[in-house]
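Dropping entry.cif in here (mmCIF, C-alpha atoms and all ligand atoms):
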```cif
data_data
loop_
_atom_site.label_atom_id
_atom_site.label_comp_id
_atom_site.auth_asym_id
_atom_site.auth_seq_id
_atom_site.Cartn_x
_atom_site.Cartn_y
_atom_site.Cartn_z
CA MET C 24 161.19 -149.28 22.22
CA ILE C 25 160.22 -149.05 18.58
CA TYR C 26 157.47 -146.61 17.68
CA LEU C 27 155.82 -146.79 14.27
CA GLY C 28 153.17 -144.60 12.72
CA PRO C 29 152.21 -142.22 9.94
CA ALA C 30 153.00 -138.60 9.10
CA GLY C 31 149.49 -137.24 9.47
CA ILE C 32 146.02 -138.77 9.35
CA PRO C 33 146.02 -142.39 8.09
CA THR C 34 144.64 -142.92 4.58
CA VAL C 35 142.00 -145.32 5.95
CA SER C 36 140.83 -143.00 8.75
CA LYS C 37 137.17 -142.09 8.25
CA GLU C 38 137.38 -139.25 10.72
CA ARG C 39 139.66 -136.69 9.04
CA THR C 40 140.73 -134.93 12.23
CA THR C 41 143.89 -135.20 14.33
CA THR C 42 142.13 -137.04 17.16
CA GLY C 43 140.35 -139.27 14.62
CA GLY C 44 143.73 -140.02 13.05
CA ILE C 45 145.25 -140.92 16.42
CA ARG C 46 142.34 -143.24 17.25
CA CYS C 47 142.78 -144.92 13.86
CA VAL C 48 146.52 -145.38 14.52
CA ALA C 49 145.73 -147.06 17.85
CA GLU C 50 143.10 -149.32 16.23
CA LEU C 51 145.71 -150.43 13.70
CA LYS C 52 147.99 -151.27 16.63
CA LEU C 53 150.56 -148.67 15.67
CA ASN C 54 152.01 -146.39 18.35
CA ALA C 55 153.27 -143.13 16.81
CA PHE C 56 151.70 -140.19 15.03
CA GLU C 57 153.28 -137.05 13.59
CA VAL C 58 150.99 -134.04 13.62
CA GLU C 59 151.57 -132.16 10.38
CA PHE C 60 151.52 -128.38 10.46
CA VAL C 61 152.58 -128.36 6.84
CA ARG C 62 151.27 -124.98 5.72
CA ARG C 63 150.41 -123.27 8.96
CA VAL C 64 149.87 -123.93 12.64
CA GLY C 65 146.08 -124.05 12.58
CA MET C 66 145.53 -125.59 16.00
CA SER C 67 144.78 -123.87 19.29
CA ASN C 68 146.62 -124.74 22.51
CA GLU C 69 143.30 -126.01 23.86
CA SER C 70 142.89 -128.45 20.95
CA ALA C 71 146.53 -129.47 21.33
CA LYS C 72 145.82 -130.40 24.96
CA GLU C 73 142.83 -132.51 23.89
CA VAL C 74 144.90 -134.20 21.19
CA GLY C 75 147.57 -134.95 23.81
CA GLU C 76 145.04 -136.49 26.18
CA VAL C 77 143.62 -138.79 23.50
CA ALA C 78 147.11 -139.89 22.45
CA LYS C 79 148.20 -140.53 26.03
CA GLU C 80 145.13 -142.59 26.77
CA LEU C 81 145.71 -144.73 23.67
CA GLY C 82 149.48 -145.05 24.16
CA VAL C 83 150.37 -143.19 20.95
CA LEU C 84 153.62 -141.20 20.96
CA LEU C 85 153.22 -137.79 19.33
CA SER C 86 155.61 -135.56 17.42
CA ALA C 87 154.93 -132.38 15.46
CA HIS C 88 156.14 -131.28 12.02
CA CYS C 89 156.52 -127.51 11.62
CA PRO C 90 155.39 -125.70 8.44
CA TYR C 91 157.70 -126.09 5.41
CA PHE C 92 158.01 -122.37 4.86
CA VAL C 93 161.07 -121.88 7.07
CA ASN C 94 164.48 -120.45 6.30
CA LEU C 95 166.75 -119.85 9.27
CA CYS C 96 169.55 -118.85 6.86
CA SER C 97 167.59 -115.84 5.64
CA ARG C 98 169.37 -112.49 5.86
CA GLU C 99 166.08 -110.61 5.89
CA PRO C 100 165.12 -109.98 9.52
CA GLU C 101 161.38 -110.21 8.82
CA LYS C 102 161.66 -113.55 7.02
CA LEU C 103 163.92 -114.90 9.74
CA GLU C 104 161.51 -113.87 12.46
CA ALA C 105 158.54 -115.32 10.55
CA SER C 106 160.43 -118.62 10.27
CA LYS C 107 161.18 -118.65 13.98
CA LYS C 108 157.56 -117.87 14.75
CA ARG C 109 156.33 -120.83 12.66
CA ILE C 110 158.69 -123.11 14.53
CA LEU C 111 157.92 -121.65 17.97
CA ASP C 112 154.15 -121.86 17.37
CA SER C 113 154.60 -125.55 16.49
CA VAL C 114 156.78 -126.02 19.58
CA GLU C 115 154.06 -124.48 21.75
CA ARG C 116 151.43 -126.88 20.35
CA ALA C 117 153.88 -129.77 20.73
CA PHE C 118 154.34 -128.77 24.39
CA HIS C 119 150.59 -128.81 25.02
CA MET C 120 150.21 -132.13 23.19
CA GLY C 121 153.00 -133.73 25.19
CA ALA C 122 155.08 -134.26 22.02
CA ASP C 123 158.81 -134.20 22.70
CA VAL C 124 160.01 -133.03 19.30
CA ALA C 125 159.02 -130.38 16.75
CA VAL C 126 160.58 -131.26 13.39
CA PHE C 127 161.64 -128.71 10.79
CA HIS C 128 163.78 -128.23 7.67
CA PRO C 129 166.25 -125.57 8.84
CA GLY C 130 166.74 -123.60 5.61
CA PHE C 131 168.63 -122.99 2.38
CA TYR C 132 172.28 -122.11 1.84
CA GLY C 133 171.31 -119.48 -0.75
CA ASN C 134 174.51 -117.57 -1.42
CA LEU C 135 175.98 -118.36 2.00
CA THR C 136 178.93 -120.67 2.43
CA PRO C 137 178.05 -123.87 4.33
CA GLU C 138 179.93 -122.40 7.33
CA SER C 139 177.92 -119.17 7.34
CA ALA C 140 174.70 -121.14 6.90
CA PHE C 141 175.69 -123.28 9.88
CA ASN C 142 176.32 -120.18 12.00
CA ALA C 143 172.99 -118.67 10.96
CA VAL C 144 171.05 -121.81 11.87
CA GLU C 145 172.96 -122.13 15.14
CA GLU C 146 172.24 -118.55 16.12
CA ALA C 147 168.55 -118.90 15.25
CA CYS C 148 168.23 -122.13 17.24
CA ARG C 149 170.02 -120.59 20.22
CA ASP C 150 167.57 -117.71 20.18
CA MET C 151 164.54 -120.03 19.88
CA LEU C 152 165.80 -122.20 22.75
CA ASP C 153 166.23 -119.08 24.92
CA ARG C 154 162.68 -118.03 24.14
CA MET C 155 161.37 -121.54 24.85
CA ARG C 156 163.10 -121.59 28.23
CA ALA C 157 161.78 -118.13 29.04
CA SER C 158 158.24 -119.41 28.47
CA GLY C 159 158.85 -122.54 30.52
CA ILE C 160 159.12 -125.06 27.66
CA LYS C 161 161.91 -127.50 28.38
CA GLU C 162 160.40 -130.79 27.26
CA VAL C 163 160.24 -130.11 23.51
CA ARG C 164 163.37 -130.55 21.41
CA LEU C 165 164.03 -128.60 18.25
CA GLY C 166 164.17 -131.39 15.67
CA LEU C 167 166.52 -130.58 12.81
CA GLU C 168 165.68 -132.85 9.91
CA THR C 169 168.33 -134.14 7.52
CA THR C 170 167.22 -132.63 4.22
CA GLY C 171 166.82 -134.09 0.74
CA LYS C 172 168.16 -131.40 -1.58
CA VAL C 173 171.70 -130.12 -2.04
CA SER C 174 170.39 -126.54 -1.82
CA GLN C 175 169.13 -127.19 1.71
CA PHE C 176 171.11 -126.91 4.91
CA GLY C 177 171.03 -130.24 6.72
CA THR C 178 173.45 -132.97 5.77
CA LEU C 179 173.77 -135.61 8.48
CA ASP C 180 177.17 -134.20 9.48
CA GLU C 181 175.90 -130.62 9.75
CA THR C 182 172.89 -131.73 11.75
CA ILE C 183 174.95 -133.78 14.19
CA GLU C 184 177.53 -130.98 14.57
CA LEU C 185 174.80 -128.51 15.44
CA CYS C 186 173.12 -130.86 17.90
CA LYS C 187 176.47 -131.37 19.63
CA LYS C 188 176.71 -127.62 20.19
CA LEU C 189 173.15 -126.97 21.29
CA LYS C 190 171.46 -128.94 24.04
CA GLY C 191 167.78 -128.78 23.18
CA CYS C 192 168.34 -129.56 19.49
CA ALA C 193 167.98 -133.12 18.26
CA PRO C 194 168.68 -134.71 14.88
CA VAL C 195 165.69 -136.05 12.96
CA VAL C 196 167.10 -138.62 10.59
CA ASP C 197 165.18 -138.76 7.34
CA PHE C 198 166.70 -141.86 5.78
CA ALA C 199 165.11 -141.23 2.37
CA HIS C 200 166.58 -137.72 2.28
CA ILE C 201 170.05 -139.02 3.09
CA TYR C 202 169.63 -141.65 0.37
CA ALA C 203 168.60 -139.01 -2.21
CA ARG C 204 171.38 -136.57 -1.28
CA ARG C 205 173.95 -139.32 -1.62
CA ALA C 206 172.67 -140.22 -5.08
CA GLY C 207 170.97 -143.46 -4.10
CA LYS C 208 173.41 -144.70 -1.48
CA ILE C 209 172.87 -145.36 2.20
CA ASP C 210 174.93 -146.99 4.92
CA TYR C 211 172.77 -147.46 8.02
CA ALA C 212 175.63 -148.67 10.22
CA GLU C 213 177.64 -145.55 9.36
CA ILE C 214 174.68 -143.32 10.23
CA PHE C 215 174.24 -144.91 13.67
CA GLU C 216 177.99 -144.70 14.31
CA LYS C 217 177.95 -140.99 13.51
CA LEU C 218 175.00 -140.47 15.86
CA ARG C 219 176.66 -142.31 18.72
CA PRO C 220 178.53 -139.34 20.29
CA LEU C 221 175.16 -137.60 20.81
CA LYS C 222 174.12 -140.34 23.25
CA LEU C 223 170.47 -139.96 22.28
CA LYS C 224 167.94 -141.62 24.55
CA HIS C 225 165.53 -141.76 21.67
CA LEU C 226 165.97 -141.16 17.94
CA HIS C 227 163.20 -139.58 15.92
CA ALA C 228 163.29 -140.58 12.25
CA HIS C 229 161.37 -140.56 8.98
CA PHE C 230 161.20 -143.32 6.40
CA THR C 231 159.75 -143.61 2.91
CA GLY C 232 160.78 -144.90 -0.49
CA MET C 233 162.31 -142.13 -2.57
CA GLU C 234 162.83 -141.24 -6.20
CA TRP C 235 165.76 -138.89 -6.71
CA THR C 236 167.40 -136.97 -9.54
CA PRO C 237 171.14 -136.39 -10.07
CA ALA C 238 172.66 -133.11 -8.83
CA LYS C 239 175.76 -131.36 -10.24
CA ALA C 240 178.30 -133.57 -8.53
CA PRO C 241 177.95 -137.24 -9.47
CA TRP C 242 177.90 -138.33 -5.81
CA GLN C 243 174.99 -136.01 -5.00
CA GLY C 244 171.28 -136.09 -5.72
CA ASN C 245 168.00 -134.36 -4.93
CA GLU C 246 164.76 -135.81 -3.65
CA ARG C 247 162.03 -135.99 -6.26
CA ARG C 248 159.01 -137.83 -4.93
CA HIS C 249 158.06 -140.24 -2.20
CA LEU C 250 157.56 -143.90 -3.13
CA GLU C 251 156.06 -146.86 -1.36
CA LEU C 252 158.20 -149.08 0.83
CA LYS C 253 158.01 -151.86 -1.75
CA ALA C 254 160.13 -149.76 -4.16
CA ASN C 255 162.99 -150.76 -1.85
CA LYS C 256 164.72 -147.43 -2.46
CA PRO C 257 166.24 -147.26 0.10
CA PRO C 258 165.74 -150.79 1.41
CA PHE C 259 164.01 -151.01 4.79
CA GLU C 260 165.03 -154.42 6.03
CA PRO C 261 168.74 -153.62 6.59
CA LEU C 262 167.65 -150.60 8.64
CA ALA C 263 165.34 -152.74 10.77
CA HIS C 264 168.17 -155.19 11.24
CA GLU C 265 170.55 -152.43 12.37
CA VAL C 266 167.95 -150.97 14.77
CA LEU C 267 167.42 -154.34 16.43
CA LYS C 268 171.11 -155.20 16.53
CA ARG C 269 171.97 -151.89 18.20
CA ARG C 270 168.79 -151.82 20.32
CA VAL C 271 168.04 -148.29 19.14
CA ASN C 272 165.14 -146.61 20.88
CA ILE C 273 163.51 -145.15 17.78
CA THR C 274 160.39 -143.63 16.25
CA LEU C 275 160.01 -144.30 12.53
CA ILE C 276 157.41 -142.07 10.94
CA SER C 277 156.18 -143.32 7.58
CA GLU C 278 156.07 -140.61 4.93
CA SER C 279 155.23 -142.97 2.10
CA PRO C 280 152.25 -142.24 -0.16
CA ILE C 281 150.36 -145.00 1.67
CA LEU C 282 151.40 -143.78 5.13
CA GLU C 283 150.07 -146.21 7.75
CA LYS C 284 149.96 -149.15 5.36
CA ASP C 285 153.74 -148.95 5.08
CA SER C 286 154.02 -148.49 8.88
CA LEU C 287 152.26 -151.85 9.15
CA LYS C 288 154.69 -153.32 6.63
CA MET C 289 157.61 -151.98 8.69
CA LYS C 290 156.05 -153.63 11.74
CA ARG C 291 155.88 -156.95 9.93
CA VAL C 292 159.54 -156.65 8.89
CA PHE C 293 160.57 -156.08 12.53
CA GLU C 294 158.45 -159.06 13.60
CA ARG C 295 159.95 -161.24 10.91
CA LEU C 296 163.38 -160.34 12.26
CA GLY C 297 162.30 -161.57 15.67
CA HIS C 298 161.09 -158.41 17.39
CA ARG C 299 157.93 -158.55 19.49
CA PHE C 300 155.90 -155.41 19.93
ZN ZN B 401 160.17 -133.07 6.98
#
```
If you took the structure in this file and wrote it as structure tokens, what would it be?
Ligand SMILES: [Zn+2]
Amino acid sequence: MIYLGPAGIPTVSKERTTTGGIRCVAELKLNAFEVEFVRRVGMSNESAKEVGEVAKELGVLLSAHCPYFVNLCSREPEKLEASKKRILDSVERAFHMGADVAVFHPGFYGNLTPESAFNAVEEACRDMLDRMRASGIKEVRLGLETTGKVSQFGTLDETIELCKKLKGCAPVVDFAHIYARRAGKIDYAEIFEKLRPLKLKHLHAHFTGMEWTPAKAPWQGNERRHLELKANKPPFEPLAHEVLKRRVNITLISESPILEKDSLKMKRVFERLGHRF
């Protein structure tokens, strides 16, 4: 299955609520929606249940994006706990919505070596998974997003390594972030090959055009701002081709400035390549 939809309420949605956004997605004949808890988790469990019911009825697959203010590499116990709480609150809402993944940016290396940062993120995820199990939440995966800045933990390799170690964690492949971090390069076939050992039943992913700026090393870059799909940076069609060739079961959330409009363009690309939704 291929699921396509926007990160948050579609630009054309008149009703500026989560349920309004989901209805709009269904009317546009898209089938995925990422609920954005960008600054804080301002939704009750009751509302999350209602959101889940609407989405289920309309056949829209939900995911949740945790607040950005998270750093699982923090050495300050209070900051670490606050980060975990933001993620766990999102996980709880995701559970009540029937979303199977809560996406987050794990943190910053700061003055840690990549190895120590890895251990810190691993330990934090292990603790969150224990707490989730203790409260009966098994269906939601902790979605570690591949990040777009060299200061952030979360290269594709780190993310995959961590997901190999912890059942309950899943990689969220942000293709635009990988493209930015590799200074404007992307090899979709290589990415899917690297993911193969994880034997994922379903891959959750983000896509948008991306402007990037050079980092210290010439082979590295940092994300700067999101661009429309038509910028072709990175190109979408080779990704669609790879997805169809490998029959990847995937959700592609559009994070472009025109959200759902680019989801519809992605849909047309898949159709042009012979896929029928
Ligand atoms: Zn993200």
For range 150-165 of chain C: contacts at 12 Å, only C-alpha atoms, fewer than 2 positions along chain excluded, given as a tab-separated table (two decimals) with C-alpha atoms, keeping the file's coordinate frame:
```tsv
chain	number	residue	atom	x	y	z
C	85	LEU	CA	153.22	-137.79	19.33
C	86	SER	CA	155.61	-135.56	17.42
C	87	ALA	CA	154.93	-132.38	15.46
C	88	HIS	CA	156.14	-131.28	12.02
C	89	CYS	CA	156.52	-127.51	11.62
C	95	LEU	CA	166.75	-119.85	9.27
C	103	LEU	CA	163.92	-114.90	9.74
C	104	GLU	CA	161.51	-113.87	12.46
C	106	SER	CA	160.43	-118.62	10.27
C	107	LYS	CA	161.18	-118.65	13.98
C	108	LYS	CA	157.56	-117.87	14.75
C	109	ARG	CA	156.33	-120.83	12.66
C	110	ILE	CA	158.69	-123.11	14.53
C	111	LEU	CA	157.92	-121.65	17.97
C	112	ASP	CA	154.15	-121.86	17.37
C	113	SER	CA	154.60	-125.55	16.49
C	114	VAL	CA	156.78	-126.02	19.58
C	115	GLU	CA	154.06	-124.48	21.75
C	116	ARG	CA	151.43	-126.88	20.35
C	117	ALA	CA	153.88	-129.77	20.73
C	118	PHE	CA	154.34	-128.77	24.39
C	119	HIS	CA	150.59	-128.81	25.02
C	120	MET	CA	150.21	-132.13	23.19
C	121	GLY	CA	153.00	-133.73	25.19
C	122	ALA	CA	155.08	-134.26	22.02
C	123	ASP	CA	158.81	-134.20	22.70
C	124	VAL	CA	160.01	-133.03	19.30
C	125	ALA	CA	159.02	-130.38	16.75
C	126	VAL	CA	160.58	-131.26	13.39
C	127	PHE	CA	161.64	-128.71	10.79
C	128	HIS	CA	163.78	-128.23	7.67
C	129	PRO	CA	166.25	-125.57	8.84
C	143	ALA	CA	172.99	-118.67	10.96
C	144	VAL	CA	171.05	-121.81	11.87
C	145	GLU	CA	172.96	-122.13	15.14
C	146	GLU	CA	172.24	-118.55	16.12
C	147	ALA	CA	168.55	-118.90	15.25
C	148	CYS	CA	168.23	-122.13	17.24
C	167	LEU	CA	166.52	-130.58	12.81
C	168	GLU	CA	165.68	-132.85	9.91
C	182	THR	CA	172.89	-131.73	11.75
C	185	LEU	CA	174.80	-128.51	15.44
C	186	CYS	CA	173.12	-130.86	17.90
C	189	LEU	CA	173.15	-126.97	21.29
C	190	LYS	CA	171.46	-128.94	24.04
C	191	GLY	CA	167.78	-128.78	23.18
C	192	CYS	CA	168.34	-129.56	19.49
C	193	ALA	CA	167.98	-133.12	18.26
C	194	PRO	CA	168.68	-134.71	14.88
C	195	VAL	CA	165.69	-136.05	12.96
C	223	LEU	CA	170.47	-139.96	22.28
C	225	HIS	CA	165.53	-141.76	21.67
C	226	LEU	CA	165.97	-141.16	17.94
C	227	HIS	CA	163.20	-139.58	15.92
```
Produce a table with one row for each residue of chain C that has an atom at most 12 Å from any atom of ligand ZN 401 (chain B), each row naming the nearest atom pair and its distance in Å at one decimal; use all atoms listed in the file; arrange rows by chain and rising residue number; format as a Markdown table.
```
| residue | atom | partner | partner_atom | distance |
| --- | --- | --- | --- | --- |
| C:Ala30 | CA | B:ZN401 | ZN | 9.3 |
| C:Gly31 | CA | B:ZN401 | ZN | 11.7 |
| C:Glu57 | CA | B:ZN401 | ZN | 10.3 |
| C:Val58 | CA | B:ZN401 | ZN | 11.4 |
| C:Glu59 | CA | B:ZN401 | ZN | 9.3 |
| C:Phe60 | CA | B:ZN401 | ZN | 10.4 |
| C:Val61 | CA | B:ZN401 | ZN | 8.9 |
| C:Ser86 | CA | B:ZN401 | ZN | 11.7 |
| C:Ala87 | CA | B:ZN401 | ZN | 10.0 |
| C:His88 | CA | B:ZN401 | ZN | 6.7 |
| C:Cys89 | CA | B:ZN401 | ZN | 8.1 |
| C:Pro90 | CA | B:ZN401 | ZN | 8.9 |
| C:Tyr91 | CA | B:ZN401 | ZN | 7.6 |
| C:Phe92 | CA | B:ZN401 | ZN | 11.1 |
| C:Val93 | CA | B:ZN401 | ZN | 11.2 |
| C:Ala125 | CA | B:ZN401 | ZN | 10.2 |
| C:Val126 | CA | B:ZN401 | ZN | 6.7 |
| C:Phe127 | CA | B:ZN401 | ZN | 6.0 |
| C:His128 | CA | B:ZN401 | ZN | 6.1 |
| C:Pro129 | CA | B:ZN401 | ZN | 9.8 |
| C:Gly130 | CA | B:ZN401 | ZN | 11.6 |
| C:Gly166 | CA | B:ZN401 | ZN | 9.7 |
| C:Leu167 | CA | B:ZN401 | ZN | 9.0 |
| C:Glu168 | CA | B:ZN401 | ZN | 6.2 |
| C:Thr169 | CA | B:ZN401 | ZN | 8.2 |
| C:Thr170 | CA | B:ZN401 | ZN | 7.6 |
| C:Gly171 | CA | B:ZN401 | ZN | 9.2 |
| C:Lys172 | CA | B:ZN401 | ZN | 11.8 |
| C:Gln175 | CA | B:ZN401 | ZN | 11.9 |
| C:Gly177 | CA | B:ZN401 | ZN | 11.2 |
| C:Pro194 | CA | B:ZN401 | ZN | 11.7 |
| C:Val195 | CA | B:ZN401 | ZN | 8.7 |
| C:Val196 | CA | B:ZN401 | ZN | 9.6 |
| C:Asp197 | CA | B:ZN401 | ZN | 7.6 |
| C:Phe198 | CA | B:ZN401 | ZN | 11.0 |
| C:Ala199 | CA | B:ZN401 | ZN | 10.6 |
| C:His200 | CA | B:ZN401 | ZN | 9.2 |
| C:His227 | CA | B:ZN401 | ZN | 11.5 |
| C:Ala228 | CA | B:ZN401 | ZN | 9.7 |
| C:His229 | CA | B:ZN401 | ZN | 7.8 |
| C:Phe230 | CA | B:ZN401 | ZN | 10.3 |
| C:Thr231 | CA | B:ZN401 | ZN | 11.3 |
| C:Glu246 | CA | B:ZN401 | ZN | 11.9 |
| C:His249 | CA | B:ZN401 | ZN | 11.8 |
| C:Ile276 | CA | B:ZN401 | ZN | 10.2 |
| C:Ser277 | CA | B:ZN401 | ZN | 11.0 |
| C:Glu278 | CA | B:ZN401 | ZN | 8.8 |
```
One-decimal distance in Å that lies between CA of Leu252 in chain C and CA of Glu38 in chain C: 25.1 Å
Please report, as lines of an AutoDock Vina configuration file, the centre and edge lengths in Å to one decimal of an axis-aligned box covering all listed atoms of range 280-293 of chain C with 4 Å per side.
```
center_x = 155.3
center_y = -149.6
center_z = 6.2
size_x = 18.6
size_y = 22.7
size_z = 20.7
```
Residue contacts of range 265-272 of chain C (12 Å, all atoms listed in the file) excluding same-chain residues fewer than 4 positions away, as a ChimeraX atom specification: /C:24-27,210-216,218-219,222-228,259-261,292-299
Those same residues, written as a PDB file, in the frame of the given file with C-alpha atoms?
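Okay, this is what ended up in result30.pdb:
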```pdb
ATOM      1  CA  MET C  24     161.190-149.280  22.220  1.00  0.00           C
ATOM      2  CA  ILE C  25     160.220-149.050  18.580  1.00  0.00           C
ATOM      3  CA  TYR C  26     157.470-146.610  17.680  1.00  0.00           C
ATOM      4  CA  LEU C  27     155.820-146.790  14.270  1.00  0.00           C
ATOM      5  CA  ASP C 210     174.930-146.990   4.920  1.00  0.00           C
ATOM      6  CA  TYR C 211     172.770-147.460   8.020  1.00  0.00           C
ATOM      7  CA  ALA C 212     175.630-148.670  10.220  1.00  0.00           C
ATOM      8  CA  GLU C 213     177.640-145.550   9.360  1.00  0.00           C
ATOM      9  CA  ILE C 214     174.680-143.320  10.230  1.00  0.00           C
ATOM     10  CA  PHE C 215     174.240-144.910  13.670  1.00  0.00           C
ATOM     11  CA  GLU C 216     177.990-144.700  14.310  1.00  0.00           C
ATOM     12  CA  LEU C 218     175.000-140.470  15.860  1.00  0.00           C
ATOM     13  CA  ARG C 219     176.660-142.310  18.720  1.00  0.00           C
ATOM     14  CA  LYS C 222     174.120-140.340  23.250  1.00  0.00           C
ATOM     15  CA  LEU C 223     170.470-139.960  22.280  1.00  0.00           C
ATOM     16  CA  LYS C 224     167.940-141.620  24.550  1.00  0.00           C
ATOM     17  CA  HIS C 225     165.530-141.760  21.670  1.00  0.00           C
ATOM     18  CA  LEU C 226     165.970-141.160  17.940  1.00  0.00           C
ATOM     19  CA  HIS C 227     163.200-139.580  15.920  1.00  0.00           C
ATOM     20  CA  ALA C 228     163.290-140.580  12.250  1.00  0.00           C
ATOM     21  CA  PHE C 259     164.010-151.010   4.790  1.00  0.00           C
ATOM     22  CA  GLU C 260     165.030-154.420   6.030  1.00  0.00           C
ATOM     23  CA  PRO C 261     168.740-153.620   6.590  1.00  0.00           C
ATOM     24  CA  VAL C 292     159.540-156.650   8.890  1.00  0.00           C
ATOM     25  CA  PHE C 293     160.570-156.080  12.530  1.00  0.00           C
ATOM     26  CA  GLU C 294     158.450-159.060  13.600  1.00  0.00           C
ATOM     27  CA  ARG C 295     159.950-161.240  10.910  1.00  0.00           C
ATOM     28  CA  LEU C 296     163.380-160.340  12.260  1.00  0.00           C
ATOM     29  CA  GLY C 297     162.300-161.570  15.670  1.00  0.00           C
ATOM     30  CA  HIS C 298     161.090-158.410  17.390  1.00  0.00           C
ATOM     31  CA  ARG C 299     157.930-158.550  19.490  1.00  0.00           C
TER      32      ARG C 299
END
```
Selected residue of minimal separation from Ala105 in chain C among C:Ile45, C:Ser279, C:Leu81, C:Arg63, counting only C-alpha atoms: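 Counting only C-alpha atoms, the residue closest to Ala105 in chain C is C:Arg63.
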Atom pair CA of Lys288 in chain C / CA of Gly43 in chain C: separation (Å): 21.6 Å
Please identify all polymer residues lying at most 12 Å from the point (146.2, -141.1, 10.0) (file coordinates), using only C-alpha atoms, and present the result as an mmCIF file with C-alpha atoms, in the frame of the given file.
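Listed below is the output, result17.cif:
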```cif
data_model
loop_
_atom_site.group_PDB
_atom_site.id
_atom_site.type_symbol
_atom_site.label_atom_id
_atom_site.label_comp_id
_atom_site.auth_asym_id
_atom_site.auth_seq_id
_atom_site.Cartn_x
_atom_site.Cartn_y
_atom_site.Cartn_z
ATOM 1 C CA LEU C 27 155.820 -146.790 14.270
ATOM 2 C CA GLY C 28 153.170 -144.600 12.720
ATOM 3 C CA PRO C 29 152.210 -142.220 9.940
ATOM 4 C CA ALA C 30 153.000 -138.600 9.100
ATOM 5 C CA GLY C 31 149.490 -137.240 9.470
ATOM 6 C CA ILE C 32 146.020 -138.770 9.350
ATOM 7 C CA PRO C 33 146.020 -142.390 8.090
ATOM 8 C CA THR C 34 144.640 -142.920 4.580
ATOM 9 C CA VAL C 35 142.000 -145.320 5.950
ATOM 10 C CA SER C 36 140.830 -143.000 8.750
ATOM 11 C CA LYS C 37 137.170 -142.090 8.250
ATOM 12 C CA GLU C 38 137.380 -139.250 10.720
ATOM 13 C CA ARG C 39 139.660 -136.690 9.040
ATOM 14 C CA THR C 40 140.730 -134.930 12.230
ATOM 15 C CA THR C 41 143.890 -135.200 14.330
ATOM 16 C CA THR C 42 142.130 -137.040 17.160
ATOM 17 C CA GLY C 43 140.350 -139.270 14.620
ATOM 18 C CA GLY C 44 143.730 -140.020 13.050
ATOM 19 C CA ILE C 45 145.250 -140.920 16.420
ATOM 20 C CA ARG C 46 142.340 -143.240 17.250
ATOM 21 C CA CYS C 47 142.780 -144.920 13.860
ATOM 22 C CA VAL C 48 146.520 -145.380 14.520
ATOM 23 C CA ALA C 49 145.730 -147.060 17.850
ATOM 24 C CA GLU C 50 143.100 -149.320 16.230
ATOM 25 C CA LEU C 51 145.710 -150.430 13.700
ATOM 26 C CA LEU C 53 150.560 -148.670 15.670
ATOM 27 C CA ASN C 54 152.010 -146.390 18.350
ATOM 28 C CA ALA C 55 153.270 -143.130 16.810
ATOM 29 C CA PHE C 56 151.700 -140.190 15.030
ATOM 30 C CA GLU C 57 153.280 -137.050 13.590
ATOM 31 C CA VAL C 58 150.990 -134.040 13.620
ATOM 32 C CA GLU C 59 151.570 -132.160 10.380
ATOM 33 C CA VAL C 83 150.370 -143.190 20.950
ATOM 34 C CA ILE C 276 157.410 -142.070 10.940
ATOM 35 C CA SER C 277 156.180 -143.320 7.580
ATOM 36 C CA GLU C 278 156.070 -140.610 4.930
ATOM 37 C CA PRO C 280 152.250 -142.240 -0.160
ATOM 38 C CA ILE C 281 150.360 -145.000 1.670
ATOM 39 C CA LEU C 282 151.400 -143.780 5.130
ATOM 40 C CA GLU C 283 150.070 -146.210 7.750
ATOM 41 C CA LYS C 284 149.960 -149.150 5.360
ATOM 42 C CA ASP C 285 153.740 -148.950 5.080
ATOM 43 C CA SER C 286 154.020 -148.490 8.880
#
```
Distance criterion (all atoms listed in the file): nearest to Ser139 in chain C out of C:Arg291, C:Val173, C:Glu181, C:Pro258: C:Glu181
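Here CA of Glu184 in chain C stands at a distance of 17.1 Å from CA of Phe131 in chain C.
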